[in-house]
file query.csv (CSV, C-alpha atoms (C1' of nucleotides))
chain,number,residue,atom,x,y,z
N,1,MET,CA,180.3,59.0,97.5
N,2,PRO,CA,184.0,58.1,97.7
N,3,GLU,CA,185.6,55.5,99.9
N,4,LEU,CA,189.2,55.0,100.6
N,5,PRO,CA,190.1,53.8,97.0
N,6,GLU,CA,188.4,56.7,95.3
N,7,VAL,CA,190.0,59.2,97.6
N,8,GLU,CA,193.4,57.6,97.1
N,9,VAL,CA,193.0,58.0,93.3
N,10,ILE,CA,192.3,61.6,93.8
N,11,ARG,CA,195.2,62.0,96.2
N,12,ARG,CA,197.6,60.6,93.7
N,13,PHE,CA,196.2,63.0,91.1
N,14,LEU,CA,196.6,66.0,93.4
N,15,ASN,CA,200.1,64.8,94.4
N,16,ARG,CA,201.1,64.9,90.8
N,17,ASN,CA,199.4,68.2,90.0
N,18,ILE,CA,199.4,70.7,92.9
N,19,VAL,CA,202.4,70.0,95.0
N,20,GLN,CA,204.7,73.1,94.9
N,21,GLU,CA,201.9,75.2,93.5
N,22,LYS,CA,201.2,78.4,95.3
N,23,ILE,CA,197.7,79.4,96.2
N,24,ASP,CA,196.6,82.9,95.1
N,25,SER,CA,193.1,82.9,96.4
N,26,LEU,CA,190.1,80.7,97.4
N,27,ASP,CA,186.7,81.7,96.0
N,28,ILE,CA,183.9,80.4,98.2
N,29,LEU,CA,180.7,80.1,96.3
N,30,TYR,CA,178.7,78.3,99.0
N,31,ASP,CA,179.7,79.4,102.6
N,32,ARG,CA,179.0,76.1,104.4
N,33,SER,CA,181.4,74.1,102.2
N,34,VAL,CA,184.3,75.8,103.9
N,35,GLU,CA,185.1,75.9,107.6
N,36,PHE,CA,187.8,77.6,109.6
N,37,GLU,CA,189.2,76.0,112.8
N,38,GLY,CA,190.7,79.2,114.1
N,39,ASP,CA,190.4,83.0,113.9
N,40,PHE,CA,191.1,83.6,110.3
N,41,ASN,CA,189.5,83.6,106.9
N,42,ALA,CA,190.2,82.6,103.3
N,43,SER,CA,192.8,85.3,102.8
N,44,VAL,CA,195.3,83.4,105.0
N,45,LEU,CA,195.8,81.0,102.1
N,46,CYS,CA,197.2,83.7,99.8
N,47,GLY,CA,200.8,82.9,98.9
N,48,GLN,CA,201.0,79.6,100.6
N,49,ARG,CA,202.6,76.7,98.9
N,50,ILE,CA,201.1,73.1,98.8
N,51,CYS,CA,203.9,71.1,100.5
N,52,PHE,CA,202.3,67.6,100.4
N,53,VAL,CA,199.0,65.8,99.7
N,54,ASP,CA,198.2,63.1,102.2
N,55,ARG,CA,195.2,61.0,103.0
N,56,LYS,CA,193.8,59.4,106.1
N,57,GLY,CA,190.8,57.1,105.4
N,58,LYS,CA,188.4,59.1,103.3
N,59,TYR,CA,190.0,62.4,104.3
N,60,LEU,CA,192.4,64.4,102.1
N,61,HIS,CA,195.1,66.3,104.0
N,62,LEU,CA,196.9,69.1,102.2
N,63,GLY,CA,199.9,70.5,104.0
N,64,LEU,CA,200.6,74.2,103.4
N,65,ASP,CA,203.4,76.4,104.6
N,66,ARG,CA,201.4,77.8,107.5
N,67,ASN,CA,198.1,75.8,107.6
N,68,ASP,CA,196.7,72.4,107.1
N,69,LEU,CA,193.7,71.7,104.9
N,70,VAL,CA,191.4,68.7,105.4
N,71,ILE,CA,188.9,67.9,102.7
N,72,HIS,CA,186.0,65.4,102.9
N,73,LEU,CA,184.0,64.7,99.7
N,74,ARG,CA,181.1,63.0,101.5
N,75,MET,CA,178.5,61.8,99.0
N,76,THR,CA,178.9,63.8,95.9
N,77,GLY,CA,182.1,65.9,96.1
N,78,GLN,CA,184.3,66.1,93.1
N,79,LEU,CA,187.7,67.8,92.5
N,80,TYR,CA,189.1,68.7,89.1
N,81,PHE,CA,190.8,71.2,86.9
N,82,GLU,CA,189.6,72.6,83.6
N,83,PRO,CA,185.8,72.6,83.9
N,84,GLU,CA,185.2,73.2,80.2
N,85,ARG,CA,184.8,69.4,79.8
N,86,GLU,CA,183.1,69.0,83.2
N,87,PRO,CA,179.8,70.2,84.6
N,88,LYS,CA,180.1,73.8,85.7
N,89,ASP,CA,177.0,73.8,88.0
N,90,HIS,CA,177.1,73.1,91.7
N,91,ILE,CA,180.7,74.4,92.1
N,92,ARG,CA,181.2,75.2,95.8
N,93,TRP,CA,184.7,76.7,95.8
N,94,VAL,CA,187.5,77.4,93.5
N,95,MET,CA,191.2,77.3,94.5
N,96,ASN,CA,193.2,79.7,92.3
N,97,PHE,CA,196.9,79.1,92.0
N,98,GLN,CA,199.5,81.6,91.1
N,99,SER,CA,200.3,79.6,88.0
N,100,GLY,CA,196.9,80.4,86.7
N,101,ARG,CA,195.5,76.9,87.2
N,102,LYS,CA,192.2,76.5,89.1
N,103,LEU,CA,191.1,73.6,91.2
N,104,TYR,CA,187.3,73.2,91.3
N,105,PHE,CA,185.2,71.6,94.0
N,106,ARG,CA,181.8,70.5,92.7
N,107,ASP,CA,179.3,69.0,95.2
N,108,VAL,CA,175.7,68.6,94.3
N,109,ARG,CA,174.4,67.6,97.8
N,110,LYS,CA,176.6,70.2,99.7
N,111,PHE,CA,177.7,67.7,102.3
N,112,GLY,CA,181.4,68.0,101.5
N,113,ARG,CA,183.8,70.2,103.5
N,114,LEU,CA,187.1,72.0,103.2
N,115,VAL,CA,188.4,72.7,106.7
N,116,VAL,CA,191.3,75.1,107.2
N,117,HIS,CA,193.3,74.2,110.3
N,118,PRO,CA,196.2,75.9,112.0
N,119,LYS,CA,199.5,74.2,111.2
N,120,GLY,CA,200.0,71.1,113.2
N,121,ALA,CA,198.3,67.7,113.5
N,122,PRO,CA,194.7,68.4,112.2
N,123,LYS,CA,191.8,66.5,113.6
N,124,PHE,CA,190.0,64.4,111.0
N,125,CYS,CA,186.9,63.1,112.9
N,126,LYS,CA,184.8,65.4,115.0
N,127,ASN,CA,185.0,63.9,118.5
N,128,ALA,CA,187.5,61.1,118.4
N,129,GLU,CA,190.6,59.8,116.8
N,130,ILE,CA,190.3,58.3,113.3
N,131,GLY,CA,191.1,54.6,113.1
N,132,PHE,CA,193.9,52.7,111.3
N,133,GLU,CA,194.4,52.4,107.6
N,134,PRO,CA,193.4,48.8,106.7
N,135,TRP,CA,197.1,48.0,106.0
N,136,GLU,CA,198.3,49.4,109.3
N,137,MET,CA,195.8,47.7,111.6
N,138,PRO,CA,197.6,45.2,113.8
N,139,LEU,CA,195.8,41.8,113.7
N,140,ALA,CA,195.7,41.5,117.5
N,141,LEU,CA,194.1,45.0,117.9
N,142,TRP,CA,191.6,44.2,115.1
N,143,PHE,CA,190.5,41.0,116.9
N,144,ASP,CA,190.2,43.0,120.1
N,145,GLU,CA,188.0,45.6,118.4
N,146,LEU,CA,185.6,42.7,117.4
N,147,LYS,CA,184.8,41.9,121.0
N,148,THR,CA,181.4,43.7,120.8
N,149,GLU,CA,177.8,42.8,120.3
N,150,ARG,CA,177.5,45.1,117.2
N,151,ALA,CA,176.9,43.7,113.8
N,152,ILE,CA,180.2,43.1,111.9
N,153,LYS,CA,179.2,45.4,109.2
N,154,ALA,CA,178.7,48.3,111.7
N,155,VAL,CA,182.2,47.7,112.9
N,156,LEU,CA,183.6,47.7,109.4
N,157,LEU,CA,181.9,51.1,108.7
N,158,ASP,CA,183.1,52.6,112.0
N,159,GLN,CA,185.8,55.2,111.0
N,160,HIS,CA,187.2,55.2,114.5
N,161,ILE,CA,188.3,51.6,114.2
N,162,LEU,CA,189.2,51.2,110.5
N,163,ALA,CA,189.6,54.3,108.4
N,164,GLY,CA,188.2,54.3,104.9
N,165,VAL,CA,185.7,51.5,104.6
N,166,GLY,CA,182.4,52.5,103.2
N,167,ASN,CA,179.2,50.7,102.1
N,168,ILE,CA,180.5,49.3,98.8
N,169,TYR,CA,183.8,47.9,100.0
N,170,ALA,CA,182.3,46.6,103.3
N,171,ASP,CA,179.8,44.5,101.3
N,172,GLU,CA,182.5,43.2,99.0
N,173,ALA,CA,184.9,42.3,101.7
N,174,LEU,CA,182.2,40.5,103.7
N,175,TYR,CA,181.3,38.5,100.5
N,176,GLN,CA,184.9,37.7,99.8
N,177,SER,CA,185.4,36.3,103.3
N,178,GLY,CA,182.1,34.5,103.5
N,179,ILE,CA,180.7,36.4,106.4
N,180,HIS,CA,177.1,37.5,106.8
N,181,PRO,CA,176.8,41.3,107.4
N,182,GLU,CA,174.5,40.8,110.5
N,183,ARG,CA,176.8,38.5,112.3
N,184,LYS,CA,177.8,39.7,115.8
N,185,ALA,CA,181.4,40.9,115.6
N,186,SER,CA,182.2,38.8,118.7
N,187,SER,CA,181.1,35.6,116.9
N,188,LEU,CA,184.0,35.8,114.5
N,189,ASP,CA,186.9,33.5,115.4
N,190,GLN,CA,190.5,34.6,114.9
N,191,HIS,CA,190.7,33.0,111.5
N,192,GLU,CA,187.5,34.7,110.2
N,193,ALA,CA,188.7,38.1,111.6
N,194,ASN,CA,192.1,37.7,109.8
N,195,ASN,CA,190.4,36.7,106.6
N,196,LEU,CA,188.0,39.7,106.8
N,197,LEU,CA,190.8,42.2,107.3
N,198,MET,CA,192.8,40.7,104.4
N,199,ALA,CA,189.7,40.9,102.3
N,200,VAL,CA,189.3,44.6,103.1
N,201,ARG,CA,192.9,45.2,102.0
N,202,VAL,CA,192.5,43.2,98.8
N,203,VAL,CA,189.3,44.7,97.7
N,204,MET,CA,190.6,48.2,98.3
N,205,GLU,CA,193.8,47.6,96.4
N,206,LYS,CA,191.7,46.3,93.5
N,207,GLY,CA,189.5,49.4,93.8
N,208,ILE,CA,192.5,51.7,93.5
N,209,ARG,CA,193.9,49.6,90.6
N,210,PHE,CA,190.6,50.1,88.7
N,211,GLY,CA,190.5,53.8,89.4
N,212,GLY,CA,187.7,53.7,91.9
N,213,THR,CA,184.0,52.9,91.7
N,214,THR,CA,181.7,55.2,89.7
N,215,PHE,CA,178.0,54.7,90.1
N,216,ARG,CA,177.0,58.3,89.7
N,217,ASP,CA,179.2,61.1,90.7
N,218,TYR,CA,182.7,59.9,91.4
N,219,LEU,CA,185.4,61.2,89.2
N,220,GLY,CA,189.2,60.8,89.5
N,221,GLY,CA,191.0,64.2,89.6
N,222,ASP,CA,191.6,63.9,85.9
N,223,GLY,CA,187.9,63.8,85.3
N,224,LYS,CA,187.8,60.2,84.4
N,225,LYS,CA,185.3,57.7,85.8
N,226,GLY,CA,186.6,54.6,87.6
N,227,SER,CA,185.8,51.1,86.5
N,228,MET,CA,185.7,49.1,89.7
N,229,GLN,CA,181.9,49.0,89.4
N,230,ASP,CA,182.4,46.4,86.6
N,231,HIS,CA,184.3,44.1,89.1
N,232,LEU,CA,182.0,44.1,92.1
N,233,SER,CA,180.4,40.8,93.3
N,234,VAL,CA,177.5,41.9,95.4
N,235,TYR,CA,177.1,45.7,95.8
N,236,GLN,CA,174.1,46.9,93.8
N,237,LYS,CA,173.6,43.4,92.4
N,238,THR,CA,170.3,42.4,94.1
N,239,GLY,CA,168.7,39.4,92.4
N,240,SER,CA,171.6,38.6,90.1
N,241,LYS,CA,173.6,35.4,90.4
N,242,CYS,CA,176.2,34.8,93.0
N,243,ARG,CA,179.6,34.2,91.4
N,244,LYS,CA,180.3,31.2,93.6
N,245,CYS,CA,176.9,29.4,94.0
N,246,SER,CA,174.7,31.0,91.3
N,247,GLY,CA,172.1,31.8,93.9
N,248,PRO,CA,170.4,35.2,94.0
N,249,ILE,CA,172.0,38.1,95.8
N,250,SER,CA,169.9,39.5,98.6
N,251,ARG,CA,169.6,43.0,100.0
N,252,ILE,CA,168.7,43.9,103.6
N,253,LYS,CA,169.2,46.8,105.9
N,254,VAL,CA,172.2,46.6,108.3
N,255,ALA,CA,173.4,49.4,110.5
N,256,GLY,CA,171.0,51.7,108.6
N,257,ARG,CA,172.6,51.0,105.3
N,258,SER,CA,171.5,48.8,102.4
N,259,SER,CA,173.6,45.6,102.4
N,260,HIS,CA,174.1,43.2,99.6
N,261,PHE,CA,175.2,39.6,100.2
N,262,CYS,CA,174.7,35.9,99.2
N,263,PRO,CA,172.6,34.1,101.8
N,264,ARG,CA,174.1,30.8,100.8
N,265,CYS,CA,177.8,31.8,100.8
N,266,GLN,CA,177.7,34.1,103.8
N,267,LYS,CA,176.8,32.6,107.1
F,1,DC,C1',176.9,50.2,125.3
F,2,DT,C1',174.0,49.7,121.2
F,3,DA,C1',170.5,50.9,118.0
F,4,DT,C1',167.8,53.9,115.4
F,5,DA,C1',166.4,58.2,113.4
F,6,DA,C1',167.1,62.6,112.0
F,7,DA,C1',169.8,66.2,110.1
F,8,DC,C1',172.6,68.1,106.5
F,9,DC,C1',171.1,68.5,100.7
F,10,DT,C1',169.9,67.6,95.7
F,11,DG,C1',168.6,64.7,92.0
F,12,DC,C1',167.2,60.5,90.0
F,13,DT,C1',164.1,56.4,89.4
F,14,DG,C1',160.1,53.7,89.5
F,15,DG,C1',155.3,53.1,90.4
F,16,DC,C1',150.7,54.7,89.8
W,1,DT,C1',153.0,63.8,81.6
W,2,DG,C1',152.8,64.6,86.7
W,3,DC,C1',153.3,63.5,91.4
W,4,DC,C1',155.3,61.2,95.2
W,5,DA,C1',157.8,57.9,97.8
W,6,DG,C1',162.2,56.0,98.2
W,7,DC,C1',166.9,55.9,97.5
W,8,DA,C1',172.0,57.4,97.1
W,9,DG,C1',179.3,56.1,97.9
W,10,DG,C1',178.9,59.8,104.6
W,11,DT,C1',179.2,61.7,109.3
W,12,DT,C1',177.4,63.9,113.4
W,13,DT,C1',174.0,64.5,116.9
W,14,DA,C1',169.9,63.4,119.4
W,15,DT,C1',166.9,60.1,121.3
W,16,DA,C1',165.4,55.5,123.2

call {"tool": "encode", "arguments": {"input": "query.csv", "output": "structure tokens"}}
result
Amino acid sequence: MPELPEVEVIRRFLNRNIVQEKIDSLDILYDRSVEFEGDFNASVLCGQRICFVDRKGKYLHLGLDRNDLVIHLRMTGQLYFEPEREPKDHIRWVMNFQSGRKLYFRDVRKFGRLVVHPKGAPKFCKNAEIGFEPWEMPLALWFDELKTERAIKAVLLDQHILAGVGNIYADEALYQSGIHPERKASSLDQHEANNLLMAVRVVMEKGIRFGGTTFRDYLGGDGKKGSMQDHLSVYQKTGSKCRKCSGPISRIKVAGRSSHFCPRCQK
DNA sequence: CTATAAACCTGCTGGC
DNA sequence: TGCCAGCAGGTTTATA
């Protein structure tokens, strides 16, 4: 579900709401939704304070006194307090704070994970380092990463290169910069590469500003839907008119994902 | 190195 | 109304 902008909206919510809170307990309702990187269990969290709420790409990183928590919402994960006005089915874990507040994790498809790490620099991706935030990626390195035969969209979606780009914002950034999703990454010149990275930054800033994109499950931590879906140009707009040339938006499969683009504006 | 599929899961939609 | 295929914002692993 959520890409960088949606996770950032949730991060800001958590940052306002759970920093300095002390954990009392973690109730695990579905075992596989929680993993432990080390020889301990949920009871280690008791009494620990939330020191900070950070984010790397689509991963949330909660720093505790003696552990680090990494949360990935995958496709349908949601985090919120006060479930009386939210669905109360599909809850996978509940974090109880000593203040009495409860943070709920709801996840219909059960792909999301809370991973408890020992204190230190937690690993986000499984077998490799996670890539740069779009705003921190150096232009020269970005251009270097494009020296591959892969489709440009596959590179955009690769979390080891850029962190946080998913299917929606990849399609939007490619549209904004006039680049066809199937173009070989190595065929982009310096100018196109720069434009594309700038487009990623702009479209993500816009996504954050509008509170994220809600097609089905996404909710900000306050339980509110985002409105970025009303400001998209191509994603999920197959057949409707291109904003630039009025031609129909196409949909094809690239890198195993459905991809939406304007055949006339994106070469 | 790259590309594709499958696995992990459930629910919704559209066609017949 | 019922059934079934296909699809969904993601990541990892296996296979070609």

call {"tool": "residues_near_point", "arguments": {"input": "query.csv", "point": "(168.5, 52.6, 97.5)", "cutoff": "7 Å", "atoms": "all atoms listed in the file", "output": "JSON, numbers by chain"}}
result
{"N": [258], "W": [7, 8]}

call {"tool": "atom_distance", "arguments": {"input": "query.csv", "atom1": "atom CA of N:Lys147", "atom2": "atom CA of N:Ala185"}}
result
6.5 Å

call {"tool": "residues_around", "arguments": {"input": "query.csv", "residues": "F:DA7", "least_positions_apart": "2", "cutoff": "10 Å", "atoms": "all atoms listed in the file", "output": "list in words"}}
result
DA5 and DC9 of chain F; DT12, DT13 and DA14 of chain W

call {"tool": "write_last_selection", "arguments": {"input": "query.csv", "atoms": "C-alpha atoms (C1' of nucleotides)", "output": "short mmCIF file (atom, residue, chain, number, x, y, z; two decimals), in the coordinates of the input"}}
result
data_model
loop_
_atom_site.label_atom_id
_atom_site.label_comp_id
_atom_site.auth_asym_id
_atom_site.auth_seq_id
_atom_site.Cartn_x
_atom_site.Cartn_y
_atom_site.Cartn_z
"C1'" DA F 5 166.40 58.20 113.40
"C1'" DC F 9 171.10 68.50 100.70
"C1'" DT W 12 177.40 63.90 113.40
"C1'" DT W 13 174.00 64.50 116.90
"C1'" DA W 14 169.90 63.40 119.40
#

call {"tool": "closest_residue", "arguments": {"input": "query.csv", "among": "N:Arg55, N:Arg113, N:Arg101, N:Arg66", "to": "chain F", "atoms": "all atoms listed in the file"}}
result
N:Arg113

call {"tool": "atom_distance", "arguments": {"input": "query.csv", "atom1": "atom CA of N:Phe52", "atom2": "atom CA of N:Gln98"}}
result
17.0 Å

call {"tool": "residues_around", "arguments": {"input": "query.csv", "residues": "F:DG15", "least_positions_apart": "2", "cutoff": "12 Å", "atoms": "only C-alpha atoms (C1' of nucleotides)", "output": "JSON, numbers by chain"}}
result
{"F": [13], "W": [3, 4, 5, 6]}
